[in-house]
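S.K.: Next comes the structure file final_14.txt, holding compact mmCIF, C-alpha atoms.
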```
# COMPACT_ATOMS: atom_id res chain seq x y z
CA MET A 273 97.31 37.53 113.36
CA ALA A 274 99.81 40.14 112.30
CA GLN A 275 100.40 38.25 109.06
CA PHE A 276 96.64 37.94 108.48
CA ASN A 277 96.22 41.68 108.96
CA LYS A 278 99.00 42.32 106.56
CA ILE A 279 97.40 40.43 103.69
CA HIS A 280 93.77 41.18 104.41
CA PRO A 281 92.24 43.04 101.45
CA LYS A 282 90.73 45.74 103.66
CA ASN A 283 94.24 46.89 104.48
CA LEU A 284 94.63 48.10 100.90
CA CYS A 285 92.77 51.18 102.06
CA THR A 286 95.36 51.75 104.81
CA TRP A 287 98.10 51.43 102.23
CA TRP A 288 96.44 53.93 99.91
CA MET A 289 95.89 56.38 102.73
CA THR A 290 99.66 56.44 103.34
CA ILE A 291 100.46 56.88 99.68
CA ARG A 292 97.97 59.74 99.41
CA LYS A 293 99.75 61.66 102.15
CA ILE A 294 102.69 62.24 99.80
CA SER A 295 102.09 64.26 96.63
CA ILE A 296 103.56 63.53 93.20
CA GLN A 297 105.38 66.87 93.30
CA GLU A 298 107.08 65.94 96.60
CA ILE A 299 108.23 62.62 95.13
CA ARG A 300 109.58 64.30 92.00
CA GLU A 301 111.55 66.77 94.11
CA SER A 302 112.88 63.98 96.31
CA ILE A 303 114.05 61.97 93.29
CA CYS A 304 115.70 65.08 91.89
CA PHE A 305 117.50 65.54 95.22
CA PHE A 306 118.72 61.92 95.19
CA CYS A 307 119.98 62.40 91.62
CA VAL A 308 121.89 65.56 92.51
CA TYR A 309 123.18 64.77 96.02
CA GLY A 310 122.68 61.01 96.38
CA GLN A 311 125.25 58.26 96.21
CA LEU A 312 125.99 56.52 92.94
CA TYR A 313 124.01 53.50 94.10
CA HIS A 314 120.98 55.73 94.65
CA ILE A 315 121.00 56.65 90.96
CA GLN A 316 121.46 52.98 89.98
CA ASN A 317 118.66 51.97 92.31
CA LEU A 318 116.29 54.62 90.98
CA GLU A 319 116.66 53.07 87.55
CA GLY A 320 116.61 49.49 88.88
CA SER A 321 113.42 49.96 90.90
CA ASP A 322 111.79 51.70 87.92
CA LEU A 323 112.62 48.76 85.64
CA PHE A 324 111.42 46.29 88.28
CA LEU A 325 108.05 48.02 88.69
CA LYS A 326 107.55 48.50 84.95
CA GLY A 327 108.10 44.79 84.45
CA SER A 328 105.79 43.92 87.33
CA CYS A 329 102.72 45.62 85.80
CA ASP A 330 100.45 44.06 83.21
CA ASP A 331 100.39 45.77 79.81
CA VAL A 332 97.26 47.87 80.35
CA LEU A 333 98.40 49.22 83.70
CA ARG A 334 101.97 49.91 82.49
CA LYS A 335 100.67 51.86 79.48
CA LYS A 336 98.41 54.01 81.67
CA VAL A 337 101.26 54.82 84.07
CA MET A 338 103.71 55.60 81.27
CA ASP A 339 101.17 57.86 79.55
CA TYR A 340 100.93 59.79 82.79
CA LEU A 341 104.71 60.11 83.15
CA ILE A 342 105.48 61.01 79.56
CA LYS A 343 106.14 64.72 80.27
CA VAL A 344 108.14 64.21 83.49
CA PRO A 345 111.86 65.12 83.03
CA ASP A 346 114.28 62.18 83.37
CA ILE A 347 115.92 63.70 86.47
CA GLU A 348 112.59 63.36 88.33
CA LYS A 349 111.78 59.81 87.18
CA GLY A 350 112.42 56.58 89.08
CA GLY A 351 110.87 53.70 91.02
CA PRO A 352 109.16 55.80 93.73
CA LEU A 353 107.32 57.98 91.20
CA PHE A 354 106.30 54.97 89.11
CA TYR A 355 105.02 53.29 92.27
CA LYS A 356 102.97 56.33 93.32
CA VAL A 357 101.37 56.77 89.88
CA MET A 358 100.76 53.03 89.57
CA MET A 359 98.86 52.96 92.87
CA MET A 360 97.00 56.12 91.88
CA VAL A 361 95.86 54.52 88.61
CA ILE A 362 94.78 51.32 90.40
CA THR A 363 92.80 53.35 92.95
CA SER A 364 91.18 55.72 90.44
CA ASN A 365 90.06 52.75 88.36
CA THR A 366 88.24 51.40 91.39
CA GLU A 367 86.73 54.77 92.17
CA GLU A 368 85.48 55.12 88.61
CA ALA A 369 83.81 51.71 88.82
CA ILE A 370 82.28 52.63 92.17
CA ARG A 371 80.94 55.91 90.81
CA THR A 372 79.17 54.04 88.01
CA LEU A 373 77.75 51.52 90.43
CA THR A 374 76.52 54.23 92.82
CA LEU A 375 74.86 56.08 89.95
CA LYS A 376 73.14 52.84 88.91
CA VAL A 377 71.68 52.43 92.39
CA LEU A 378 70.62 56.09 92.61
CA THR A 379 68.73 55.93 89.29
CA TYR A 380 67.19 52.51 89.88
CA LYS A 381 63.50 52.24 88.95
CA ILE A 382 61.46 49.36 90.26
CA THR A 383 58.62 50.11 87.79
CA SER A 384 60.85 48.94 84.92
CA ILE A 385 60.93 45.38 86.21
CA GLN A 386 58.43 42.90 84.84
CA GLY A 387 55.49 42.73 87.25
CA GLU A 388 57.46 45.03 89.57
CA ASN A 389 59.05 41.89 90.95
CA VAL A 390 60.52 43.12 94.24
CA SER A 391 62.50 39.89 94.66
CA ILE A 392 64.50 40.67 91.52
CA ALA A 393 64.96 44.31 92.58
CA ASP A 394 66.00 43.16 96.04
CA SER A 395 68.66 40.77 94.67
CA GLN A 396 70.08 43.39 92.31
CA LEU A 397 70.20 46.12 94.94
CA ARG A 398 71.53 43.77 97.62
CA GLY A 399 74.38 42.65 95.30
CA ASP A 400 75.37 46.21 94.50
CA TYR A 401 75.12 47.26 98.12
CA ARG A 402 77.51 44.43 99.09
CA ARG A 403 80.01 45.48 96.44
CA LEU A 404 79.92 49.07 97.65
CA MET A 405 80.26 47.87 101.25
CA LEU A 406 83.29 45.81 100.33
CA ALA A 407 84.93 48.83 98.76
CA GLU A 408 83.88 50.92 101.78
CA LYS A 409 82.26 53.39 99.38
CA VAL A 410 78.58 53.22 100.30
CA HIS A 411 76.77 56.44 99.44
CA ASP A 412 75.82 58.44 102.59
CA ASP A 413 72.21 58.63 101.50
CA ILE A 414 71.82 54.97 100.54
CA ALA A 415 69.02 54.28 103.07
CA ASN A 416 66.91 57.21 101.76
CA CYS A 417 67.66 56.18 98.23
CA LEU A 418 66.44 52.59 98.83
CA ILE A 419 63.30 53.83 100.58
CA ASN A 420 62.55 56.12 97.63
CA ILE A 421 62.94 53.19 95.24
CA PHE A 422 60.43 51.09 97.19
CA CYS A 423 58.05 54.06 97.71
CA ASN A 424 57.46 54.41 94.02
CA THR A 425 55.91 51.13 92.94
CA LEU A 426 52.40 51.02 91.47
CA MET A 427 51.13 49.20 94.58
CA ASP A 428 49.90 51.71 97.16
CA GLU A 429 49.72 49.13 99.93
CA PHE A 430 53.40 48.28 99.45
CA ASN A 431 54.41 51.95 99.14
CA ALA A 432 52.69 52.76 102.43
CA THR A 433 55.26 50.73 104.42
CA PHE A 434 58.12 52.74 102.99
CA LYS A 435 56.32 56.05 103.19
CA ALA A 436 55.99 55.36 106.92
CA MET A 437 59.72 54.72 107.09
CA LYS A 438 60.38 57.97 105.24
CA TYR A 439 58.18 59.74 107.76
CA ASN A 440 60.15 58.16 110.64
CA ILE A 441 63.39 59.47 109.17
CA LEU A 442 62.06 62.97 108.64
CA ILE A 443 60.18 63.42 111.91
CA GLU A 444 61.92 61.13 114.37
CA ASN A 445 65.41 61.10 112.84
CA HIS A 446 65.21 57.33 112.75
CA VAL A 447 68.22 55.63 111.14
CA TYR A 448 67.57 52.52 109.05
CA ASP A 449 70.16 49.93 108.10
CA PRO A 450 70.04 49.45 104.29
CA LYS A 451 70.04 45.68 104.84
CA ASP A 452 66.87 46.01 106.97
CA ILE A 453 65.17 48.08 104.27
CA LEU A 454 65.92 45.38 101.69
CA ARG A 455 64.71 42.66 104.06
CA ILE A 456 61.45 44.52 104.82
CA ALA A 457 60.85 45.02 101.10
CA GLU A 458 61.30 41.32 100.41
CA LEU A 459 59.06 40.29 103.34
CA THR A 460 56.28 42.76 102.46
CA TYR A 461 56.34 41.67 98.84
CA THR A 462 56.24 37.95 99.73
CA LYS A 463 53.33 38.55 102.09
CA MET A 464 51.38 40.43 99.43
CA ILE A 465 52.05 37.72 96.84
CA GLU A 466 50.78 35.07 99.29
CA ASN A 467 47.62 37.13 99.99
CA GLY A 468 47.09 37.60 96.28
CA SER A 469 47.07 41.36 96.75
CA TRP A 470 50.08 41.99 94.49
CA ASN A 471 48.69 42.58 91.01
CA SER A 472 51.01 45.10 89.49
CA PRO A 473 50.75 45.56 85.71
CA SER A 474 53.65 43.96 83.86
CA THR A 475 56.28 45.73 81.94
CA THR A 476 58.86 43.92 79.91
CA GLN A 477 62.32 44.78 81.21
CA ASP A 478 63.93 42.32 83.60
CA SER A 479 66.23 44.83 85.28
CA GLY A 480 65.46 48.03 87.13
CA PHE A 481 68.69 49.67 85.98
CA VAL A 482 67.77 52.21 83.30
CA VAL A 483 69.12 51.12 79.92
CA HIS A 484 68.97 53.17 76.71
CA THR A 485 67.91 50.88 73.86
CA THR A 486 67.02 51.44 70.23
CA CYS A 487 64.44 49.37 68.35
CA TRP A 488 65.98 47.45 65.43
CA ASN A 489 62.64 47.42 63.58
CA CYS A 490 61.58 51.10 63.56
CA GLY A 491 64.63 52.81 65.12
CA GLY A 492 62.53 54.14 68.04
CA GLU A 493 64.20 54.88 71.36
CA GLY A 494 63.53 53.07 74.64
CA ARG A 495 62.25 49.72 73.37
CA ARG A 496 63.51 46.52 71.86
CA VAL A 497 62.41 45.01 68.56
CA ASP A 498 60.10 42.48 70.26
CA GLU A 499 58.24 45.36 71.95
CA CYS A 500 57.82 47.34 68.70
CA PRO A 501 54.20 48.31 67.96
CA SER A 502 54.95 48.77 64.23
CA LYS A 503 54.14 45.84 61.95
CA LYS A 504 57.28 43.83 61.43
CA VAL A 505 58.36 42.99 57.90
CA THR A 506 59.90 39.56 57.93
CA LYS A 507 60.88 37.12 55.21
CA SER A 508 58.22 34.66 56.28
CA ALA A 509 55.51 37.30 55.90
CA THR A 510 56.56 38.17 52.31
CA PRO A 511 55.12 35.81 49.69
CA SER A 512 57.80 34.12 47.60
CA LYS A 513 57.75 35.00 43.89
CA THR A 514 58.82 31.62 42.57
CA ARG A 515 58.57 28.19 44.03
CA GLY A 516 61.69 26.17 44.52
CA LYS A 517 62.64 22.98 42.72
CA TRP A 518 61.76 20.84 45.69
CA SER A 519 58.35 22.34 46.60
CA ALA A 520 55.35 19.98 47.02
CA PRO A 521 53.02 19.56 44.00
CA LYS A 522 49.96 21.84 43.87
CA ASN A 523 46.44 20.43 43.91
CA GLY A 524 45.81 18.39 40.75
CA GLU A 525 49.46 18.50 39.78
CA SER A 526 51.26 15.26 38.99
CA ASP A 527 53.84 14.18 41.53
CA LEU A 528 56.19 13.53 38.60
CA LYS A 529 58.53 16.48 38.30
CA LEU A 530 60.89 17.46 35.51
CA ILE A 531 64.24 18.72 36.63
CA HIS A 532 66.66 19.89 33.95
CA GLY A 533 64.35 18.17 31.39
CA LYS A 534 64.57 14.80 33.16
CA PRO A 535 61.68 13.16 35.05
CA PHE A 536 62.22 13.00 38.79
CA LYS A 537 59.83 11.37 41.24
CA MET B 271 137.57 17.28 100.31
CA LYS B 272 138.57 20.03 102.72
CA LEU B 273 135.87 22.55 103.68
CA GLU B 274 137.08 26.03 104.59
CA PHE B 275 135.32 28.37 107.02
CA ILE B 276 136.03 31.84 108.45
CA LEU B 277 137.36 31.92 112.03
CA GLN B 278 135.24 34.81 113.36
CA GLY B 279 131.48 34.16 113.26
CA ARG B 280 129.15 36.73 111.61
CA ASP B 281 126.55 38.52 113.72
CA ASP B 282 122.89 37.68 113.15
CA ALA B 283 122.11 40.57 110.81
CA GLU B 284 125.12 39.88 108.69
CA ALA B 285 124.39 36.16 108.65
CA ILE B 286 120.84 36.82 107.41
CA GLY B 287 122.15 39.33 104.88
CA ALA B 288 124.57 36.74 103.54
CA THR B 289 121.63 34.69 102.23
CA GLY B 290 119.37 37.54 101.18
CA THR B 291 120.09 41.27 101.22
CA ILE B 292 122.69 42.71 98.93
CA LYS B 293 123.89 45.83 100.71
CA LYS B 294 123.77 48.94 98.54
CA GLU B 295 127.25 49.94 99.76
CA ASN B 296 128.62 46.76 98.23
CA HIS B 297 127.11 47.38 94.80
CA SER B 298 129.98 49.67 93.79
CA LYS B 299 132.55 47.07 94.88
CA LEU B 300 131.19 44.63 92.34
CA LYS B 301 132.78 44.44 88.93
CA LEU B 302 131.61 42.94 85.68
CA PRO B 303 130.19 40.35 85.21
CA GLU B 304 128.92 40.19 88.83
CA LEU B 305 127.57 43.75 88.72
CA GLY B 306 125.64 42.97 85.52
CA LYS B 307 124.22 39.82 87.10
CA LEU B 308 123.11 41.78 90.15
CA GLU B 309 121.46 44.47 88.02
CA ASP B 310 119.66 41.80 86.00
CA ARG B 311 118.42 40.10 89.15
CA ALA B 312 117.38 43.36 90.76
CA ALA B 313 115.29 44.31 87.74
CA THR B 314 113.65 40.87 87.39
CA PRO B 315 109.91 41.56 87.62
CA LEU B 316 107.46 39.79 89.88
CA PRO B 317 106.06 36.59 88.33
CA ASP B 318 102.49 37.76 89.10
CA LYS B 319 101.77 41.24 87.81
CA PHE B 320 100.05 44.26 89.27
CA THR B 321 96.71 44.74 87.51
CA LEU B 322 93.91 47.28 87.53
CA LEU B 323 91.25 46.58 90.12
CA SER B 324 87.86 45.70 88.74
CA LEU B 325 84.52 45.89 90.43
CA GLY B 326 83.14 42.47 89.66
CA ASP B 327 81.03 40.20 91.82
CA LYS B 328 81.92 39.66 95.46
CA ASN B 329 84.44 36.83 94.99
CA GLU B 330 86.17 38.48 92.07
CA GLN B 331 86.51 41.73 93.96
CA LEU B 332 88.03 39.98 96.96
CA ALA B 333 90.43 37.97 94.83
CA ASN B 334 91.44 41.09 92.94
CA ALA B 335 92.13 43.14 96.07
CA TYR B 336 93.98 40.18 97.60
CA ASN B 337 96.13 39.91 94.48
CA VAL B 338 97.17 43.58 94.61
CA THR B 339 97.89 43.32 98.35
CA MET B 340 100.09 40.29 97.86
CA ARG B 341 102.02 42.01 95.07
CA LEU B 342 102.61 44.95 97.44
CA VAL B 343 103.93 42.59 100.12
CA GLU B 344 106.22 40.90 97.57
CA MET B 345 107.38 44.29 96.31
CA GLU B 346 108.31 45.38 99.81
CA GLU B 347 110.27 42.15 100.36
CA TYR B 348 112.07 42.86 97.10
CA PHE B 349 113.00 46.39 98.21
CA LYS B 350 114.45 44.96 101.44
CA ARG B 351 116.31 42.21 99.61
CA PHE B 352 118.02 44.59 97.20
CA ASP B 353 118.37 47.35 99.80
CA LEU B 354 116.35 49.91 97.84
CA GLN B 355 114.21 51.18 100.69
CA ASP B 356 115.97 54.50 101.27
CA LEU B 357 114.82 55.78 97.87
CA PHE B 358 111.26 55.36 99.05
CA TYR B 359 111.86 57.69 101.99
CA ILE B 360 110.65 60.92 100.44
CA VAL B 361 113.10 63.68 101.28
CA LYS B 362 111.51 67.10 101.80
CA THR B 363 113.32 69.75 99.79
CA LYS B 364 113.42 73.54 99.56
CA LEU B 365 115.10 76.03 97.27
CA ASP B 366 117.78 78.31 98.71
CA PRO B 367 117.96 82.00 97.61
CA ASN B 368 120.29 81.00 94.76
CA GLY B 369 117.64 78.64 93.43
CA THR B 370 119.61 75.54 94.44
CA ILE B 371 117.71 72.52 95.72
CA GLN B 372 118.40 71.68 99.39
CA GLN B 373 117.12 69.18 101.92
CA ASP B 374 114.56 70.59 104.35
CA THR B 375 115.85 69.00 107.55
CA SER B 376 113.00 70.41 109.66
CA LYS B 377 110.75 67.65 108.34
CA GLU B 378 111.28 63.90 108.70
CA PRO B 379 111.32 61.96 105.43
CA LEU B 380 108.05 60.04 104.90
CA TYR B 381 108.18 56.39 103.91
CA LEU B 382 106.14 55.95 100.73
CA VAL B 383 105.72 52.20 101.11
CA ASP B 384 104.29 52.25 104.59
CA ASP B 385 104.63 49.10 106.65
CA TYR B 386 101.27 49.69 108.41
```
Please, can you express the file's structure as C-alpha cells?
M.R.:
Amino acid sequence: MAQFNKIHPKNLCTWWMTIRKISIQEIRESICFFCVYGQLYHIQNLEGSDLFLKGSCDDVLRKKVMDYLIKVPDIEKGGPLFYKVMMMVITSNTEEAIRTLTLKVLTYKITSIQGENVSIADSQLRGDYRRLMLAEKVHDDIANCLINIFCNTLMDEFNATFKAMKYNILIENHVYDPKDILRIAELTYTKMIENGSWNSPSTTQDSGFVVHTTCWNCGGEGRRVDECPSKKVTKSATPSKTRGKWSAPKNGESDLKLIHGKPFK
Amino acid sequence: MKLEFILQGRDDAEAIGATGTIKKENHSKLKLPELGKLEDRAATPLPDKFTLLSLGDKNEQLANAYNVTMRLVEMEEYFKRFDLQDLFYIVKTKLDPNGTIQQDTSKEPLYLVDDY
C-alpha cells in the first residue's frame, strides 16, 4: 500500500506542495552557502546533480529551465535549483492548460451547437469536468456555471428545470453536484426528444466552445465558407473559354476529329 | 582458485552500501581513472526523461502524471545511491553585520525532495 501511495499520480500534488514551501531565493542562498562553507564533495555534487538533472529532461523542458536560470550567478547554481525550477515549469504548464480549459467551460454556449443537441454539450462538458477533477482544479463556481449554460437554450421547457435549480441555490442554499446537473440535463433532453417536444432551430457549429473563424470566401468573421451567404465564385460556375482536345462533339458535328492535322476517331 | 574474504563481517548498512551507495566521504579518496568513472556514472541521466505535463484526455493525463511521478521516485533513488541528499536539505542563511553569509541555526534545514 505504501508503494502504491508513493507512485499514485495524485501524490504529485503532495510533492509540489513541499517544493512550494521553499522559495527559489532560499535555494540560491543555500547553494551559495554550500559553495563557500561546504566540503569539496558538496561542490562536486552540486555540479554532478545539475548535470544529471539537465540530462534527465527532454529538450523542451531543459530549454525552458535554462532560459529561467540564465541570469543566476554560477555560485548559486546547482542540482537543487535546477530541480526546483524544473518542477515549477512542469507545474505552471499544467496550470496554464487548466486555465484555458476552465475558460472554455465558463464561456460555453449551448446555442452554438447544431439543434442545441444537449447530448453533445453534455459529453463535452463532462469530459472537461473530469479532466479538471483529475487535476483537482475544478472552478469553485462550476455548478452555477453549468446551470447557466443549460438555462440559456432556446427551449423554455428545458430551461425551466435549470431555472428552478438556480432558484434552489439562491433561496435555499442548495448545493448541486456538477455530475448530477449534467445527468439531469441529459435525462430532460432525452425525455423531450422522446415526447417530440424538442424542436430547437438548428445552427451549424458542432461544438459549444466559442471559436473565432474567418470565411475564406468573403473574409467575414464568425462563419465558415460553407455558411457564407455571398455567391461563391468557383471554377465550375465559370464558363470555359475554349473546349479541350478531348471534348465530346457538338450537335451535328462529325465524330471524326483532327488532332495536330491528323484524323483521330 | 583461492577465494579471499575479509575476516570481520560488515554491518548491514555497510553491506548494503557495498553494492549500491558510494559514500560522499569516499569520493575524495578516489583517484583517476576511478574518480572520472564515478563522475561519469553519477551524471548519467535517467533513461526516461522528465517532460512537461499536458492536459490531454483522461488516459493521457494519468499516464503523463504517472510518468513524472516515476521519474521523481527514480531521481530520489539516484540521490541516495550517489549520496547527494544533503545538498537538497536547504540550509537557512543570514548575513552577519559584516555582510558575510552565515547559517541560521535557529531553523531546521528543509528537505526539498520530500519523501511524503
S.K.: One number please: CA of Leu322 (chain B) to CA of Asp400 (chain A), in Å, one decimal.
M.R.: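 Here the two named atoms are 19.8 Å from each other.
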S.K.: Kindly provide the residues of chain B that approach chain A to within 6 Å, each paired with its closest atom pair and their distance in Å to one decimal, based on only C-alpha atoms, listed by chain and increasing number, as JSON lines.
M.R.:
```
{"residue": "B:Ala313", "atom": "CA", "partner": "A:Phe324", "partner_atom": "CA", "distance": 4.4}
{"residue": "B:Thr314", "atom": "CA", "partner": "A:Phe324", "partner_atom": "CA", "distance": 5.9}
{"residue": "B:Pro315", "atom": "CA", "partner": "A:Ser328", "partner_atom": "CA", "distance": 4.8}
{"residue": "B:Leu316", "atom": "CA", "partner": "A:Ser328", "partner_atom": "CA", "distance": 5.1}
{"residue": "B:Lys319", "atom": "CA", "partner": "A:Ser328", "partner_atom": "CA", "distance": 4.9}
{"residue": "B:Phe320", "atom": "CA", "partner": "A:Cys329", "partner_atom": "CA", "distance": 4.6}
{"residue": "B:Thr321", "atom": "CA", "partner": "A:Asp330", "partner_atom": "CA", "distance": 5.7}
{"residue": "B:Leu322", "atom": "CA", "partner": "A:Ile362", "partner_atom": "CA", "distance": 5.0}
{"residue": "B:Leu323", "atom": "CA", "partner": "A:Thr366", "partner_atom": "CA", "distance": 5.8}
{"residue": "B:Ala335", "atom": "CA", "partner": "A:Pro281", "partner_atom": "CA", "distance": 5.4}
{"residue": "B:Tyr336", "atom": "CA", "partner": "A:Pro281", "partner_atom": "CA", "distance": 5.1}
{"residue": "B:Phe358", "atom": "CA", "partner": "A:Pro352", "partner_atom": "CA", "distance": 5.7}
{"residue": "B:Ile360", "atom": "CA", "partner": "A:Ser302", "partner_atom": "CA", "distance": 5.6}
{"residue": "B:Val361", "atom": "CA", "partner": "A:Ser302", "partner_atom": "CA", "distance": 5.0}
{"residue": "B:Leu382", "atom": "CA", "partner": "A:Ile291", "partner_atom": "CA", "distance": 5.9}
```
S.K.: Enter the distance from CA of Leu365 (chain B) to CA of Gln297 (chain A), in Å, rounded to one decimal.
M.R.: 13.9 Å
S.K.: Quote the spacing between CA of Arg280 (chain B) and CA of Phe352 (chain B) in Å to one decimal place.
M.R.: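 Taking CA of Arg280 (chain B) as the start and CA of Phe352 (chain B) as the end point, the length is 19.8 Å.
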S.K.: A:Cys417, A:Leu426, A:Ala457, A:Ile342: which is nearest Gly387 (chain A), counting all atoms listed in the file?
M.R.: A:Leu426
S.K.: Name all residues at most 9 Å from Tyr461 (chain A) (count all atoms listed in the file; drop same-chain ones fewer than 2 positions away) and give them as a list in words.
M.R.: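 Residues near the query, excluding close chain neighbours: Asn389, Val390, Ser391, Phe430, Ile456, Ala457, Glu458, Leu459, Lys463, Met464, Ile465, Glu466 and Trp470 of chain A.
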S.K.: Take region 320-340 of chain A, bring it up to N, CA and C atoms, and give me the output as a short mmCIF file (atom, residue, chain, number, x, y, z; two decimals), keeping the file's coordinate frame.
M.R.:
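Saved file selection-v7.cif follows:
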```cif
data_model
loop_
_atom_site.label_atom_id
_atom_site.label_comp_id
_atom_site.auth_asym_id
_atom_site.auth_seq_id
_atom_site.Cartn_x
_atom_site.Cartn_y
_atom_site.Cartn_z
N GLY A 320 116.92 50.91 88.65
CA GLY A 320 116.61 49.49 88.88
C GLY A 320 115.18 49.29 89.38
N SER A 321 114.77 50.12 90.35
CA SER A 321 113.42 49.96 90.90
C SER A 321 112.37 50.34 89.86
N ASP A 322 112.70 51.30 89.00
CA ASP A 322 111.79 51.70 87.92
C ASP A 322 111.59 50.54 86.94
N LEU A 323 112.69 49.90 86.56
CA LEU A 323 112.62 48.76 85.64
C LEU A 323 111.84 47.61 86.26
N PHE A 324 112.11 47.37 87.56
CA PHE A 324 111.42 46.29 88.28
C PHE A 324 109.91 46.51 88.28
N LEU A 325 109.49 47.74 88.60
CA LEU A 325 108.05 48.02 88.69
C LEU A 325 107.39 48.01 87.31
N LYS A 326 108.11 48.53 86.31
CA LYS A 326 107.55 48.50 84.95
C LYS A 326 107.29 47.06 84.51
N GLY A 327 108.24 46.20 84.83
CA GLY A 327 108.10 44.79 84.45
C GLY A 327 107.05 44.06 85.26
N SER A 328 106.73 44.61 86.44
CA SER A 328 105.79 43.92 87.33
C SER A 328 104.34 44.37 87.13
N CYS A 329 104.10 45.20 86.11
CA CYS A 329 102.72 45.62 85.80
C CYS A 329 102.24 44.87 84.56
N ASP A 330 100.95 44.61 84.48
CA ASP A 330 100.45 44.06 83.21
C ASP A 330 100.41 45.18 82.18
N ASP A 331 100.22 44.81 80.91
CA ASP A 331 100.39 45.77 79.81
C ASP A 331 99.49 47.00 79.93
N VAL A 332 98.23 46.76 80.29
CA VAL A 332 97.26 47.87 80.35
C VAL A 332 97.67 48.88 81.41
N LEU A 333 98.03 48.36 82.58
CA LEU A 333 98.40 49.22 83.70
C LEU A 333 99.69 49.99 83.37
N ARG A 334 100.69 49.27 82.81
CA ARG A 334 101.97 49.91 82.49
C ARG A 334 101.76 51.06 81.50
N LYS A 335 100.91 50.83 80.50
CA LYS A 335 100.67 51.86 79.48
C LYS A 335 100.04 53.10 80.13
N LYS A 336 99.08 52.87 81.02
CA LYS A 336 98.41 54.01 81.67
C LYS A 336 99.41 54.82 82.49
N VAL A 337 100.29 54.12 83.22
CA VAL A 337 101.26 54.82 84.07
C VAL A 337 102.25 55.59 83.19
N MET A 338 102.71 54.94 82.12
CA MET A 338 103.71 55.60 81.27
C MET A 338 103.12 56.78 80.52
N ASP A 339 101.84 56.70 80.17
CA ASP A 339 101.17 57.86 79.55
C ASP A 339 101.18 59.04 80.50
N TYR A 340 100.97 58.74 81.77
CA TYR A 340 100.93 59.79 82.79
C TYR A 340 102.30 60.44 82.97
#
```
